[in-house]
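Text of coords.cif, listed as mmCIF, C-alpha atoms:
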data_input
loop_
_atom_site.label_atom_id
_atom_site.label_comp_id
_atom_site.auth_asym_id
_atom_site.auth_seq_id
_atom_site.Cartn_x
_atom_site.Cartn_y
_atom_site.Cartn_z
CA MET A 1355 206.89 146.44 101.99
CA SER A 1356 206.57 143.81 104.76
CA ALA A 1357 203.27 143.19 106.50
CA ARG A 1358 204.79 144.06 109.87
CA ALA A 1359 205.97 147.44 108.60
CA VAL A 1360 202.47 148.19 107.31
CA TYR A 1361 201.03 147.13 110.61
CA ASN A 1362 203.19 149.74 112.38
CA VAL A 1363 202.00 152.55 110.09
CA GLU A 1364 199.17 154.45 111.73
CA ALA A 1365 197.62 155.49 108.48
CA GLY A 1366 198.33 154.90 104.82
CA GLU A 1367 196.96 154.47 101.36
CA THR A 1368 194.64 151.57 100.55
CA ASP A 1369 197.10 150.19 97.99
CA ILE A 1370 199.71 149.81 100.69
CA TYR A 1371 197.39 147.55 102.65
CA ARG A 1372 196.37 145.61 99.54
CA THR A 1373 200.03 144.97 98.74
CA ALA A 1374 200.73 143.82 102.29
CA LEU A 1375 197.66 141.59 102.25
CA GLY A 1376 198.82 140.12 98.96
CA GLU A 1377 202.17 139.28 100.55
CA LEU A 1378 200.40 137.58 103.41
CA VAL A 1379 198.24 135.57 101.05
CA GLY A 1380 201.29 134.57 99.03
CA HIS A 1381 203.22 133.49 102.12
CA TYR A 1382 200.17 131.60 103.40
CA ASP A 1383 199.74 129.76 100.07
CA GLN A 1384 203.44 128.89 100.07
CA LEU A 1385 203.17 127.61 103.62
CA LEU A 1386 200.16 125.45 102.67
CA ARG A 1387 202.04 123.99 99.71
CA GLN A 1388 205.05 123.16 101.85
CA THR A 1389 202.78 121.65 104.52
CA ARG A 1390 201.06 119.46 101.93
CA ARG A 1391 204.42 118.32 100.56
CA LEU A 1392 205.56 117.45 104.07
CA ILE A 1393 202.34 115.54 104.74
CA ARG A 1394 202.66 113.62 101.46
CA HIS A 1395 206.29 112.86 102.24
CA SER A 1396 205.33 111.75 105.76
CA ASP A 1397 202.55 109.53 104.38
CA ARG A 1398 204.95 107.93 101.90
CA GLN A 1399 207.46 107.33 104.68
CA GLU A 1400 204.74 105.78 106.86
CA LEU A 1401 203.61 103.51 104.01
CA GLU A 1402 207.19 102.48 103.34
CA MET A 1403 207.75 101.83 107.04
CA ASN A 1404 204.61 99.68 107.20
CA ARG A 1405 205.72 97.77 104.11
CA LEU A 1406 209.14 97.14 105.65
CA ASN A 1407 207.59 96.05 108.94
CA HIS A 1408 205.34 93.57 107.14
CA ARG A 1409 208.31 92.26 105.18
CA LEU A 1410 210.34 91.85 108.38
CA ALA A 1411 207.44 89.96 109.98
CA ASP A 1412 207.22 87.68 106.92
CA LEU A 1413 210.98 87.05 107.05
CA ALA A 1414 210.81 86.29 110.77
CA ARG A 1415 208.04 83.73 110.15
CA GLU A 1416 209.99 82.23 107.26
CA LEU A 1417 213.16 81.93 109.35
CA GLU A 1418 211.21 80.39 112.23
CA TYR A 1419 209.64 77.87 109.85
CA ARG A 1420 213.00 76.94 108.33
CA ALA A 1421 214.51 76.52 111.79
CA THR A 1422 211.79 74.10 112.91
CA HIS A 1423 210.81 72.17 109.77
CA ASP A 1424 212.39 69.59 107.51
CA SER A 1425 213.14 71.20 104.15
CA LEU A 1426 212.13 68.13 102.11
CA SER A 1427 208.89 66.93 103.70
CA GLY A 1428 207.63 70.00 105.55
CA ALA A 1429 207.33 67.97 108.76
CA LEU A 1430 208.92 69.19 111.99
CA ASN A 1431 212.65 68.55 112.28
CA ARG A 1432 214.25 66.56 115.09
CA ALA A 1433 215.05 69.56 117.29
CA ALA A 1434 211.48 70.89 117.02
CA VAL A 1435 210.01 67.46 117.85
CA ILE A 1436 212.13 67.25 120.99
CA GLU A 1437 211.24 70.81 122.04
CA ARG A 1438 207.51 70.34 121.56
CA GLY A 1439 207.49 66.87 123.07
CA GLU A 1440 209.19 68.18 126.21
CA ARG A 1441 206.77 71.11 126.37
CA PHE A 1442 203.68 68.91 126.00
CA LEU A 1443 204.88 66.34 128.54
CA ALA A 1444 205.58 69.04 131.09
CA ARG A 1445 201.82 69.71 131.29
CA ASN A 1446 199.94 66.64 130.02
CA GLU A 1447 200.10 62.93 129.48
CA MET A 1448 201.33 62.14 125.98
CA ALA A 1449 201.60 59.23 123.59
CA THR A 1450 204.52 58.96 121.17
CA ILE A 1451 204.64 57.06 117.88
CA VAL A 1452 207.92 56.25 116.16
CA LEU A 1453 207.82 54.75 112.66
CA ASP A 1454 210.40 53.74 110.11
CA ILE A 1455 209.87 53.00 106.40
CA ASP A 1456 210.55 49.33 105.70
CA HIS A 1457 213.40 48.49 103.28
CA PHE A 1458 213.84 52.15 102.38
CA LYS A 1459 217.48 51.67 101.37
CA GLN A 1460 216.33 49.32 98.62
CA VAL A 1461 214.07 52.07 97.23
CA ASN A 1462 217.02 54.46 96.95
CA ASP A 1463 219.33 51.77 95.57
CA ARG A 1464 216.89 50.51 92.95
CA PHE A 1465 215.15 53.70 91.83
CA GLY A 1466 217.40 56.57 92.92
CA HIS A 1467 217.18 59.24 95.59
CA PRO A 1468 214.57 61.42 93.81
CA VAL A 1469 212.14 58.50 94.04
CA GLY A 1470 213.17 57.99 97.66
CA ASP A 1471 212.47 61.66 98.38
CA ALA A 1472 209.02 61.31 96.81
CA VAL A 1473 208.33 58.31 99.07
CA ILE A 1474 209.31 60.32 102.16
CA CYS A 1475 206.96 63.14 101.16
CA GLY A 1476 204.21 60.61 100.41
CA VAL A 1477 204.58 59.02 103.85
CA VAL A 1478 204.30 62.42 105.55
CA ASP A 1479 201.18 63.14 103.50
CA CYS A 1480 199.67 59.84 104.66
CA LEU A 1481 200.44 60.69 108.29
CA GLN A 1482 198.94 64.16 107.97
CA ARG A 1483 195.75 62.88 106.34
CA THR A 1484 195.34 60.25 109.05
CA LEU A 1485 195.97 62.53 112.03
CA GLU A 1486 192.57 64.07 112.76
CA ILE A 1487 193.30 65.18 116.35
CA PRO A 1488 195.81 67.70 117.76
CA GLY A 1489 199.33 66.37 117.38
CA GLU A 1490 202.68 66.96 115.71
CA ILE A 1491 204.46 65.03 112.96
CA GLY A 1492 208.23 65.15 112.64
CA ARG A 1493 210.99 63.63 110.53
CA VAL A 1494 213.72 62.68 112.97
CA GLY A 1495 216.00 60.72 110.62
CA GLY A 1496 216.40 59.72 107.01
CA GLU A 1497 213.33 57.46 106.90
CA GLU A 1498 212.27 57.68 110.54
CA PHE A 1499 209.37 59.78 111.79
CA THR A 1500 207.81 60.67 115.13
CA VAL A 1501 204.22 61.59 115.95
CA ILE A 1502 203.53 63.17 119.34
CA LEU A 1503 199.97 63.02 120.68
CA PRO A 1504 199.20 65.16 123.75
CA GLN A 1505 196.45 63.87 126.07
CA GLN A 1506 196.17 60.52 124.25
CA ASN A 1507 196.38 57.16 126.05
CA TYR A 1508 197.90 53.91 124.83
CA LEU A 1509 194.75 52.56 123.21
CA GLN A 1510 194.01 55.81 121.35
CA ALA A 1511 197.60 56.07 120.11
CA GLN A 1512 197.61 52.43 119.02
CA GLU A 1513 194.45 52.97 116.97
CA ILE A 1514 195.96 56.06 115.32
CA ALA A 1515 199.18 54.16 114.54
CA GLU A 1516 197.19 51.31 112.99
CA ARG A 1517 195.31 53.74 110.74
CA MET A 1518 198.62 55.34 109.71
CA ARG A 1519 200.16 51.94 109.01
CA SER A 1520 197.17 50.93 106.86
CA MET A 1521 197.15 54.26 105.01
CA ILE A 1522 200.82 53.88 104.04
CA ALA A 1523 200.47 50.21 103.09
CA ASN A 1524 197.53 50.93 100.80
CA HIS A 1525 198.87 54.16 99.28
CA ASP A 1526 200.04 54.13 95.68
CA PHE A 1527 203.53 55.67 95.70
CA SER A 1528 203.81 55.17 91.91
CA LEU A 1529 207.07 53.23 92.14
CA PRO A 1530 208.49 52.06 88.80
CA ASP A 1531 207.78 48.40 89.63
CA ALA A 1532 204.37 49.19 91.18
CA SER A 1533 205.54 47.77 94.53
CA ARG A 1534 204.08 48.95 97.84
CA ILE A 1535 205.64 50.82 100.74
CA THR A 1536 205.15 49.75 104.35
CA ALA A 1537 206.33 51.07 107.70
CA SER A 1538 206.89 49.63 111.17
CA PHE A 1539 205.48 51.42 114.23
CA GLY A 1540 206.28 51.61 117.93
CA VAL A 1541 204.01 53.32 120.48
CA SER A 1542 204.75 54.57 124.00
CA TRP A 1543 202.82 56.52 126.62
CA MET A 1544 204.04 58.73 129.47
CA PRO A 1545 202.30 60.66 132.27
CA ALA A 1546 202.69 64.42 132.68
CA GLY A 1547 206.12 65.32 134.01
CA ALA A 1548 207.95 62.41 132.39
CA ALA A 1549 211.01 62.92 130.19
CA PHE A 1550 210.47 63.01 126.45
CA ALA A 1551 213.73 61.13 125.94
CA THR A 1552 212.20 58.19 127.82
CA ALA A 1553 208.99 58.37 125.76
CA TYR A 1554 210.97 58.42 122.51
CA ASN A 1555 213.36 55.63 123.50
CA GLU A 1556 210.51 53.30 124.51
CA ALA A 1557 208.61 53.94 121.27
CA ASP A 1558 211.82 53.48 119.28
CA ALA A 1559 212.50 50.14 120.98
CA ALA A 1560 208.95 49.02 120.20
CA MET A 1561 209.41 50.05 116.57
CA TYR A 1562 212.56 47.90 116.26
CA GLU A 1563 210.63 45.01 117.80
CA ALA A 1564 208.03 45.49 115.03
CA LYS A 1565 210.87 45.25 112.51
CA ARG A 1566 212.11 42.02 114.05
CA ASN A 1567 208.59 40.57 114.03
CA GLY A 1568 208.04 40.92 110.30
CA ARG A 1569 207.61 44.68 109.70
CA ASN A 1570 204.43 46.51 108.65
CA ARG A 1571 202.97 46.26 112.14
CA VAL A 1572 202.39 48.26 115.34
CA ILE A 1573 203.85 47.27 118.71
CA ARG A 1574 203.24 49.01 122.04
CA ALA A 1575 206.13 49.59 124.43
CA ASP A 1576 204.14 48.28 127.41
CA HIS A 1577 203.72 44.96 125.62
CA LEU A 1578 207.51 44.63 125.53
CA LEU A 1579 207.59 44.94 129.31
CA CYS A 1580 205.01 42.15 129.62
CA ALA A 1581 206.83 39.80 127.22
#
Go ahead and render the structure in this file as structure tokens.
Amino acid sequence: MSARAVYNVEAGETDIYRTALGELVGHYDQLLRQTRRLIRHSDRQELEMNRLNHRLADLARELEYRATHDSLSGALNRAAVIERGERFLARNEMATIVLDIDHFKQVNDRFGHPVGDAVICGVVDCLQRTLEIPGEIGRVGGEEFTVILPQQNYLQAQEIAERMRSMIANHDFSLPDASRITASFGVSWMPAGAAFATAYNEADAAMYEAKRNGRNRVIRADHLLCA
């Protein structure tokens, strides 16, 4: 007998009410069990959704990293260097260092590309260990690198480049013939609002002048203008 039917009876035996109450208790227990199942299911779905969201965030960070970094050395790639250089120069003065590994083709020709790859990674490590102020390091070519230094003047950038040059020249790259690796550096400086292409081109020209003057040295772009 349903609980509603019992409710509509004006008078009845006690057993009738006990039976109806039992039905109510049974339905209530069933409802509680279903509610708990739904809650557990909802909790599992929420946990799964959170897990998927975290995974998506990790994938987004991984994709962003791959899009902006060189896969071999971990330094910024050329496009990222240009983007960040333009962004920094839009707000602040900035110094730019361009460096190129000396005689790198001979390393690849004599010892093979795996050794050459190790040298590239070793050079980036030297640059990172030397750079103790805010700045960005990028690989913009096979053996060519760029360091951008926001809010640094010519003298500061020259001192940083000299420390980087010395670090590379004195680093043991464990080459098969125990020879050393050196790099040639060019430095430029631009005021806020200047074009990054100009900053890069001037530093690049200074770097090639360092090559012509014997390699393993630092030359400032403003010194080229005075020559």
Checklist entry - In Å to one decimal, how far is CA of Ser1542 (chain A) from CA of Asn1507 (chain A)? => result 9.0 Å
Checklist entry - What does the PyMOL selection byres ((chain A and resi 1481) around 10) select in this file, as a list in words? => result Cys1475, Gly1476, Val1477, Val1478, Asp1479, Cys1480, Gln1482, Arg1483, Thr1484, Leu1485, Glu1486, Glu1490, Ile1491, Gly1492, Phe1499, Val1501, Ile1514, Ala1515, Arg1517, Met1518, Arg1519, Met1521 and Ile1522 of chain A
Next on the checklist: Which polymer residues, whether protein, DNA or RNA, lie within 7 Å of the coordinate (202.3, 54.1, 125.5) when you count only C-alpha atoms? List them as a list in words, using the chain letters and numbers from the file.
Outcome noted: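 In the file's frame, the residues around the point are Ala1449, Thr1450, Asn1507, Tyr1508, Val1541, Ser1542, Trp1543, Met1544, Arg1574, Ala1575 and Asp1576 of chain A.
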Checklist entry - Nearest to Ala1434 (chain A) among A:Val1452, A:Ile1502, A:Ala1472, A:Leu1378, with distances taken over all atoms listed in the file: which residue is it? => result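 Of all the options, A:Ile1502 lies closest to Ala1434 (chain A).
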Item to check | All residues 7 Å or closer to Ile1455 (chain A), only C-alpha atoms, same chain fewer than 6 positions away omitted, as a ChimeraX atom specification | outcome: /A:1497-1498,1536-1538
Item to check | Separation of CA of Leu1503 (chain A) from CA of Leu1443 (chain A), in Å and rounded to one decimal | outcome: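 A separation of 9.8 Å between them.
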Checklist entry - So what do you get for CA of Ala1548 (chain A) versus CA of Ala1444 (chain A), distance-wise? => result 7.2 Å
Next on the checklist: For the provided coordinates, the residues matched by the PyMOL selection byres ((chain A and resi 1436) around 12) should be stated as a PyMOL selection string.
Outcome noted: chain A and resi 1422+1430-1435+1437-1443+1450+1490-1494+1500-1502+1549-1555
Next on the checklist: I need the residue nearest Gly1466 (chain A) from this list: A:Met1403, A:Leu1529, A:Val1572, A:Ala1511. Use all atoms listed in the file for the distance.
Outcome noted: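 The closest residue to Gly1466 (chain A) is A:Leu1529.
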Find the axis-aligned box for region 1441-1459 of chain A, covering all its listed atoms and adding 4 Å on each side, and write its centre and edge lengths in Å to one decimal as lines of an AutoDock Vina configuration file.
center_x = 208.7
center_y = 59.8
center_z = 116.3
size_x = 25.5
size_y = 30.6
size_z = 37.9
Checklist entry - Excluding same-chain residues fewer than 3 positions from Arg1534 (chain A), what lies within 9 Å of it counting all atoms listed in the file, as a list in words? => result Ile1522, Ala1523, Asn1524, His1525, Asp1526, Phe1527, Ser1528 and Leu1529 of chain A
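The nearest approach to Glu1513 (chain A) among the residues A:Glu1556, A:Ile1451, A:His1457, A:Gly1568, with only C-alpha atoms taken into account, belongs to A:Ile1451.
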